[in-house]
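Novice: My file is upload20.pdb. It has PDB, C-alpha atoms:
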```
MODEL        1
ATOM      1  CA  MET C  12      50.963  63.320  -1.973
ATOM      2  CA  PRO C  13      48.628  60.755  -3.556
ATOM      3  CA  GLU C  14      49.259  60.046  -7.224
ATOM      4  CA  THR C  15      45.691  61.033  -8.112
ATOM      5  CA  THR C  16      46.370  64.473  -6.619
ATOM      6  CA  GLU C  17      49.629  64.775  -8.581
ATOM      7  CA  LEU C  18      47.866  63.832 -11.825
ATOM      8  CA  ALA C  19      45.027  66.271 -11.155
ATOM      9  CA  GLU C  20      47.523  69.056 -10.402
ATOM     10  CA  LYS C  21      49.400  68.334 -13.632
ATOM     11  CA  LEU C  22      46.133  68.509 -15.607
ATOM     12  CA  LYS C  23      45.280  71.769 -13.861
ATOM     13  CA  SER C  24      48.608  73.489 -14.537
ATOM     14  CA  GLU C  25      48.827  72.267 -18.135
ATOM     15  CA  GLY C  26      45.209  73.283 -18.739
ATOM     16  CA  GLU C  27      45.865  76.774 -17.401
ATOM     17  CA  LYS C  28      48.841  77.132 -19.768
ATOM     18  CA  MET C  29      46.752  76.036 -22.752
ATOM     19  CA  PHE C  30      43.890  78.340 -21.784
ATOM     20  CA  ALA C  31      46.270  81.296 -21.403
ATOM     21  CA  PHE C  32      47.870  80.590 -24.767
ATOM     22  CA  PHE C  33      44.606  80.292 -26.685
ATOM     23  CA  SER C  34      43.083  83.256 -24.833
ATOM     24  CA  GLY C  35      45.975  85.407 -25.991
ATOM     25  CA  LEU C  36      45.490  84.763 -29.704
ATOM     26  CA  ALA C  37      44.511  87.638 -31.943
ATOM     27  CA  GLU C  38      41.368  87.146 -34.004
ATOM     28  CA  GLU C  39      43.282  86.634 -37.254
ATOM     29  CA  GLN C  40      45.482  83.927 -35.706
ATOM     30  CA  TRP C  41      42.603  81.520 -35.144
ATOM     31  CA  THR C  42      42.618  80.564 -38.837
ATOM     32  CA  SER C  43      46.391  79.987 -38.994
ATOM     33  CA  GLU C  44      47.088  76.531 -40.380
ATOM     34  CA  VAL C  45      48.780  74.024 -38.112
ATOM     35  CA  TYR C  46      48.294  70.747 -39.988
ATOM     36  CA  THR C  47      47.924  70.512 -43.758
ATOM     37  CA  GLU C  48      48.200  66.777 -44.426
ATOM     38  CA  GLY C  49      44.775  65.339 -45.114
ATOM     39  CA  GLU C  50      42.213  67.627 -43.493
ATOM     40  CA  THR C  51      43.651  71.088 -42.805
ATOM     41  CA  TRP C  52      43.559  72.062 -39.130
ATOM     42  CA  SER C  53      43.792  75.638 -37.926
ATOM     43  CA  LEU C  54      44.522  76.867 -34.409
ATOM     44  CA  ARG C  55      40.741  76.889 -33.903
ATOM     45  CA  SER C  56      40.598  73.233 -35.017
ATOM     46  CA  VAL C  57      43.266  72.278 -32.479
ATOM     47  CA  LEU C  58      41.325  73.858 -29.611
ATOM     48  CA  SER C  59      38.144  72.185 -30.845
ATOM     49  CA  HIS C  60      40.050  68.891 -30.870
ATOM     50  CA  PHE C  61      41.180  69.441 -27.280
ATOM     51  CA  VAL C  62      37.563  69.880 -26.219
ATOM     52  CA  THR C  63      36.086  66.917 -28.080
ATOM     53  CA  SER C  64      38.913  64.440 -27.547
ATOM     54  CA  GLU C  65      39.167  65.068 -23.813
ATOM     55  CA  LYS C  66      35.409  64.916 -23.335
ATOM     56  CA  GLY C  67      35.276  61.590 -25.185
ATOM     57  CA  LEU C  68      38.336  60.156 -23.495
ATOM     58  CA  VAL C  69      37.186  60.862 -19.945
ATOM     59  CA  LYS C  70      33.885  59.135 -20.775
ATOM     60  CA  LEU C  71      35.932  56.188 -22.033
ATOM     61  CA  PHE C  72      38.087  56.198 -18.880
ATOM     62  CA  GLU C  73      34.964  56.080 -16.723
ATOM     63  CA  ARG C  74      33.602  53.177 -18.760
ATOM     64  CA  ILE C  75      36.909  51.339 -18.302
ATOM     65  CA  ARG C  76      36.848  52.105 -14.573
ATOM     66  CA  THR C  77      33.308  50.822 -14.102
ATOM     67  CA  THR C  78      33.043  48.012 -16.659
ATOM     68  CA  GLY C  79      36.571  47.240 -17.898
ATOM     69  CA  GLU C  80      35.318  47.882 -21.422
ATOM     70  CA  GLY C  81      37.663  50.069 -23.475
ATOM     71  CA  ALA C  82      37.719  51.353 -27.043
ATOM     72  CA  SER C  83      36.675  48.849 -29.684
ATOM     73  CA  GLU C  84      39.296  47.271 -31.914
ATOM     74  CA  ASP C  85      37.804  48.953 -34.996
ATOM     75  CA  PHE C  86      37.731  52.445 -33.473
ATOM     76  CA  SER C  87      39.211  54.994 -35.894
ATOM     77  CA  ILE C  88      40.811  58.064 -34.336
ATOM     78  CA  ASP C  89      40.810  59.832 -37.705
ATOM     79  CA  ARG C  90      37.119  59.164 -38.290
ATOM     80  CA  TYR C  91      36.246  60.267 -34.742
ATOM     81  CA  ASN C  92      38.264  63.476 -35.055
ATOM     82  CA  ALA C  93      36.675  64.317 -38.423
ATOM     83  CA  THR C  94      33.128  63.873 -37.118
ATOM     84  CA  GLN C  95      33.887  65.862 -33.980
ATOM     85  CA  GLN C  96      35.419  68.716 -35.993
ATOM     86  CA  GLN C  97      32.253  68.812 -38.064
ATOM     87  CA  LYS C  98      30.073  68.984 -34.935
ATOM     88  CA  MET C  99      32.115  71.889 -33.549
ATOM     89  CA  LYS C 100      32.491  73.914 -36.758
ATOM     90  CA  ASP C 101      30.037  76.661 -35.775
ATOM     91  CA  TYR C 102      31.481  77.363 -32.329
ATOM     92  CA  THR C 103      33.355  80.628 -31.908
ATOM     93  CA  PRO C 104      36.821  80.660 -30.343
ATOM     94  CA  ALA C 105      35.318  82.242 -27.199
ATOM     95  CA  GLU C 106      32.763  79.425 -26.941
ATOM     96  CA  LEU C 107      35.485  76.827 -27.456
ATOM     97  CA  LEU C 108      37.591  78.422 -24.721
ATOM     98  CA  GLU C 109      34.688  78.211 -22.291
ATOM     99  CA  GLN C 110      34.081  74.595 -23.252
ATOM    100  CA  TYR C 111      37.769  73.845 -22.808
ATOM    101  CA  LYS C 112      37.708  75.276 -19.273
ATOM    102  CA  GLU C 113      34.632  73.188 -18.447
ATOM    103  CA  VAL C 114      35.965  69.961 -19.965
ATOM    104  CA  ARG C 115      39.315  70.325 -18.213
ATOM    105  CA  ALA C 116      37.620  71.118 -14.873
ATOM    106  CA  ASN C 117      35.506  67.965 -15.293
ATOM    107  CA  SER C 118      38.630  65.917 -16.067
ATOM    108  CA  ILE C 119      40.390  67.239 -12.979
ATOM    109  CA  ALA C 120      37.352  66.477 -10.831
ATOM    110  CA  TRP C 121      37.128  62.957 -12.275
ATOM    111  CA  VAL C 122      40.814  62.229 -11.615
ATOM    112  CA  SER C 123      40.568  63.726  -8.125
ATOM    113  CA  GLY C 124      37.691  61.369  -7.351
ATOM    114  CA  LEU C 125      39.597  58.218  -8.267
ATOM    115  CA  LYS C 126      40.839  55.801  -5.656
ATOM    116  CA  GLU C 127      44.575  55.181  -5.926
ATOM    117  CA  GLU C 128      44.052  51.517  -6.845
ATOM    118  CA  GLU C 129      41.800  52.516  -9.768
ATOM    119  CA  LEU C 130      44.842  53.960 -11.521
ATOM    120  CA  ASP C 131      45.939  50.349 -12.156
ATOM    121  CA  ILE C 132      42.730  49.322 -13.954
ATOM    122  CA  LYS C 133      43.495  48.310 -17.523
ATOM    123  CA  GLY C 134      41.511  48.912 -20.665
ATOM    124  CA  ARG C 135      41.948  49.650 -24.347
ATOM    125  CA  HIS C 136      42.866  53.244 -25.165
ATOM    126  CA  PRO C 137      42.288  54.214 -28.855
ATOM    127  CA  PHE C 138      45.935  55.307 -29.308
ATOM    128  CA  LEU C 139      47.915  53.564 -26.557
ATOM    129  CA  GLY C 140      46.175  50.197 -26.830
ATOM    130  CA  GLU C 141      45.845  48.086 -23.672
ATOM    131  CA  THR C 142      47.134  50.157 -20.767
ATOM    132  CA  MET C 143      46.337  51.402 -17.276
ATOM    133  CA  ILE C 144      44.098  54.376 -16.465
ATOM    134  CA  ARG C 145      47.168  56.092 -14.974
ATOM    135  CA  ASP C 146      48.851  56.140 -18.395
ATOM    136  CA  MET C 147      45.660  57.280 -20.091
ATOM    137  CA  ILE C 148      45.443  60.271 -17.763
ATOM    138  CA  LYS C 149      49.078  61.157 -18.426
ATOM    139  CA  MET C 150      48.332  60.989 -22.138
ATOM    140  CA  LEU C 151      45.716  63.747 -21.733
ATOM    141  CA  TYR C 152      48.361  66.352 -20.994
ATOM    142  CA  ILE C 153      51.071  64.822 -23.192
ATOM    143  CA  HIS C 154      48.598  64.906 -26.087
ATOM    144  CA  HIS C 155      48.014  68.627 -25.582
ATOM    145  CA  MET C 156      51.709  69.385 -25.227
ATOM    146  CA  ASN C 157      52.455  67.552 -28.487
ATOM    147  CA  HIS C 158      49.865  69.605 -30.345
ATOM    148  CA  TYR C 159      51.090  72.786 -28.631
ATOM    149  CA  ARG C 160      54.617  72.079 -29.920
ATOM    150  CA  ASP C 161      53.194  71.740 -33.439
ATOM    151  CA  VAL C 162      51.183  74.951 -33.018
ATOM    152  CA  LYS C 163      54.264  76.892 -31.929
ATOM    153  CA  ARG C 164      56.227  75.503 -34.875
ATOM    154  CA  ALA C 165      53.465  76.493 -37.313
ATOM    155  CA  MET C 166      53.301  80.021 -35.898
ATOM    156  CA  LYS C 167      56.996  80.746 -36.597
TER     157      LYS C 167
ENDMDL
END
```
Can I see the file as structure tokens?
Specialist:
Amino acid sequence: MPETTELAEKLKSEGEKMFAFFSGLAEEQWTSEVYTEGETWSLRSVLSHFVTSEKGLVKLFERIRTTGEGASEDFSIDRYNATQQQKMKDYTPAELLEQYKEVRANSIAWVSGLKEEELDIKGRHPFLGETMIRDMIKMLYIHHMNHYRDVKRAMK
């Protein structure tokens, strides 16, 4: 099986797990706090973050694929996340869930459309630094699993 297919399948299965988890939350759980250092993030904030970060990252991956140009040296993840949270503050959980499904489907389609050799293209990722597209794609689902672990811990 081509590696692009394996990566797309991993994104699909992980995305389905995340969608099922967030879809199963009761209304009152959406405001449960997950992170309290700095800006407080609720379960709703985490889902919003999944939507905005993945949408932005896949755009970045495409720019790296086509131009070799990655994230700038002065890019601030914290600043980006804060502005994106602000932009998404009025979306309901149901709207965020629909956006999540769409963003993940777009990511899967993008990965599925890559040529195997494009996985080796290097560029600057905002968290990983200089790395290959392959590792950036893997980080998409690792990123979600790390937040999911924190969510589960906060819900205990």
Novice: Between range 61-124 of chain C and range 30-37 of chain C, at 10 Å or less, what are the per-residue closest atom pairs and their distances in Å? Count all atoms listed in the file, order by chain and rising residue number, and return it as JSON lines.
Specialist:
```
{"residue": "C:Pro104", "atom": "CA", "partner": "C:Phe33", "partner_atom": "CA", "distance": 8.6}
{"residue": "C:Ala105", "atom": "CA", "partner": "C:Ser34", "partner_atom": "CA", "distance": 8.2}
{"residue": "C:Leu107", "atom": "CA", "partner": "C:Phe33", "partner_atom": "CA", "distance": 9.8}
{"residue": "C:Leu108", "atom": "CA", "partner": "C:Phe30", "partner_atom": "CA", "distance": 7.0}
{"residue": "C:Glu109", "atom": "CA", "partner": "C:Phe30", "partner_atom": "CA", "distance": 9.2}
{"residue": "C:Tyr111", "atom": "CA", "partner": "C:Phe30", "partner_atom": "CA", "distance": 7.7}
{"residue": "C:Lys112", "atom": "CA", "partner": "C:Phe30", "partner_atom": "CA", "distance": 7.3}
{"residue": "C:Arg115", "atom": "CA", "partner": "C:Phe30", "partner_atom": "CA", "distance": 9.9}
```
Novice: Do a neighbour search on Asn92 in chain C at 12 Å with all atoms listed in the file, toss out local chain neighbours closer than 2 positions, and write the hits as a VMD selection string.
Specialist: chain C and resid 50 52 56 to 57 59 to 65 67 86 to 90 94 to 99 137
Novice: With distances taken over only C-alpha atoms, which residue among C:Thr103, C:Ser24, C:Ser43, C:Thr15 lies nearest Ala165 in chain C?
Specialist: C:Ser43
Novice: Of the candidates C:Glu84, C:Glu73, C:Glu27, C:Glu38, which shows the shortest atom-to-atom distance to Ile148 in chain C, using all atoms listed in the file?
Specialist: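 Using all atoms listed in the file, Ile148 in chain C sits closest to C:Glu73.
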Novice: Near Asp161 in chain C, counting all atoms listed in the file, which residues have an atom at most 12 Å away, once you skip same-chain residues fewer than 5 positions from it, shown as a short mmCIF file (atom, residue, chain, number, x, y, z; two decimals) with C-alpha atoms, in the frame of the given file?
Specialist:
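Dumped everything to result39.cif:
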```cif
data_model
loop_
_atom_site.label_atom_id
_atom_site.label_comp_id
_atom_site.auth_asym_id
_atom_site.auth_seq_id
_atom_site.Cartn_x
_atom_site.Cartn_y
_atom_site.Cartn_z
CA GLU C 44 47.09 76.53 -40.38
CA VAL C 45 48.78 74.02 -38.11
CA TYR C 46 48.29 70.75 -39.99
CA THR C 47 47.92 70.51 -43.76
CA TRP C 52 43.56 72.06 -39.13
CA SER C 53 43.79 75.64 -37.93
CA LEU C 54 44.52 76.87 -34.41
CA VAL C 57 43.27 72.28 -32.48
CA HIS C 154 48.60 64.91 -26.09
CA HIS C 155 48.01 68.63 -25.58
CA MET C 156 51.71 69.39 -25.23
CA MET C 166 53.30 80.02 -35.90
CA LYS C 167 57.00 80.75 -36.60
#
```
Novice: Name the residues that the PyMOL selection byres ((chain C and resi 135) around 8) pulls out of this structure, and write them as a list in words.
Specialist: Glu80, Gly81, Ala82, Ser83, Lys133, Gly134, His136, Pro137, Leu139, Gly140, Glu141 and Thr142 of chain C
Novice: Restricting the calculation to all atoms listed in the file, which member of C:Leu125, C:Leu22, C:Ile153, C:Ile144 is positioned closest to Leu71 in chain C?
Specialist: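 Looking at the shortest contact to Leu71 in chain C, the residue is C:Ile144.
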Novice: What is the CA of Ile119 in chain C to CA of Ala93 in chain C distance in Å?
Specialist: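 Atom-to-atom, CA of Ile119 in chain C to CA of Ala93 in chain C, that is 25.9 Å.
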Novice: Report the distance between CA of Phe138 in chain C and CA of Leu68 in chain C in Å, rounded to one decimal place.
Specialist: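 Value for the CA of Phe138 in chain C-CA of Leu68 in chain C distance: 10.7 Å.
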Novice: In Å, with one decimal, what is the gap from CA of Lys126 in chain C to CA of Glu14 in chain C?
Specialist: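 So the two atoms, CA of Lys126 in chain C and CA of Glu14 in chain C, lie 9.6 Å apart.
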Novice: Since the input has fewer atoms than a full residue there, write range 52-67 of chain C out with N, CA and C atoms, as a JSON list (two decimals), in the coordinates of the input.
Specialist:
```json
[["chain", "number", "residue", "atom", "x", "y", "z"],
["C", 52, "TRP", "N", 43.96, 71.63, -40.46],
["C", 52, "TRP", "CA", 43.56, 72.06, -39.13],
["C", 52, "TRP", "C", 44.19, 73.41, -38.82],
["C", 53, "SER", "N", 43.35, 74.32, -38.36],
["C", 53, "SER", "CA", 43.79, 75.64, -37.93],
["C", 53, "SER", "C", 43.99, 75.62, -36.41],
["C", 54, "LEU", "N", 44.43, 76.75, -35.86],
["C", 54, "LEU", "CA", 44.52, 76.87, -34.41],
["C", 54, "LEU", "C", 43.15, 76.61, -33.76],
["C", 55, "ARG", "N", 42.10, 77.11, -34.39],
["C", 55, "ARG", "CA", 40.74, 76.89, -33.90],
["C", 55, "ARG", "C", 40.42, 75.40, -33.89],
["C", 56, "SER", "N", 40.83, 74.68, -34.93],
["C", 56, "SER", "CA", 40.60, 73.23, -35.02],
["C", 56, "SER", "C", 41.30, 72.49, -33.89],
["C", 57, "VAL", "N", 42.52, 72.93, -33.55],
["C", 57, "VAL", "CA", 43.27, 72.28, -32.48],
["C", 57, "VAL", "C", 42.54, 72.45, -31.15],
["C", 58, "LEU", "N", 42.07, 73.65, -30.86],
["C", 58, "LEU", "CA", 41.32, 73.86, -29.61],
["C", 58, "LEU", "C", 40.03, 73.04, -29.61],
["C", 59, "SER", "N", 39.35, 73.00, -30.73],
["C", 59, "SER", "CA", 38.14, 72.18, -30.84],
["C", 59, "SER", "C", 38.47, 70.71, -30.57],
["C", 60, "HIS", "N", 39.59, 70.27, -31.08],
["C", 60, "HIS", "CA", 40.05, 68.89, -30.87],
["C", 60, "HIS", "C", 40.33, 68.63, -29.39],
["C", 61, "PHE", "N", 40.94, 69.59, -28.71],
["C", 61, "PHE", "CA", 41.18, 69.44, -27.28],
["C", 61, "PHE", "C", 39.87, 69.21, -26.54],
["C", 62, "VAL", "N", 38.86, 69.98, -26.88],
["C", 62, "VAL", "CA", 37.56, 69.88, -26.22],
["C", 62, "VAL", "C", 36.93, 68.51, -26.47],
["C", 63, "THR", "N", 36.82, 68.14, -27.74],
["C", 63, "THR", "CA", 36.09, 66.92, -28.08],
["C", 63, "THR", "C", 36.85, 65.65, -27.69],
["C", 64, "SER", "N", 38.16, 65.65, -27.88],
["C", 64, "SER", "CA", 38.91, 64.44, -27.55],
["C", 64, "SER", "C", 38.91, 64.20, -26.05],
["C", 65, "GLU", "N", 39.12, 65.26, -25.27],
["C", 65, "GLU", "CA", 39.17, 65.07, -23.81],
["C", 65, "GLU", "C", 37.80, 64.67, -23.26],
["C", 66, "LYS", "N", 36.76, 65.27, -23.79],
["C", 66, "LYS", "CA", 35.41, 64.92, -23.34],
["C", 66, "LYS", "C", 35.15, 63.44, -23.62],
["C", 67, "GLY", "N", 35.48, 62.99, -24.82],
["C", 67, "GLY", "CA", 35.28, 61.59, -25.18],
["C", 67, "GLY", "C", 36.17, 60.63, -24.42]]
```
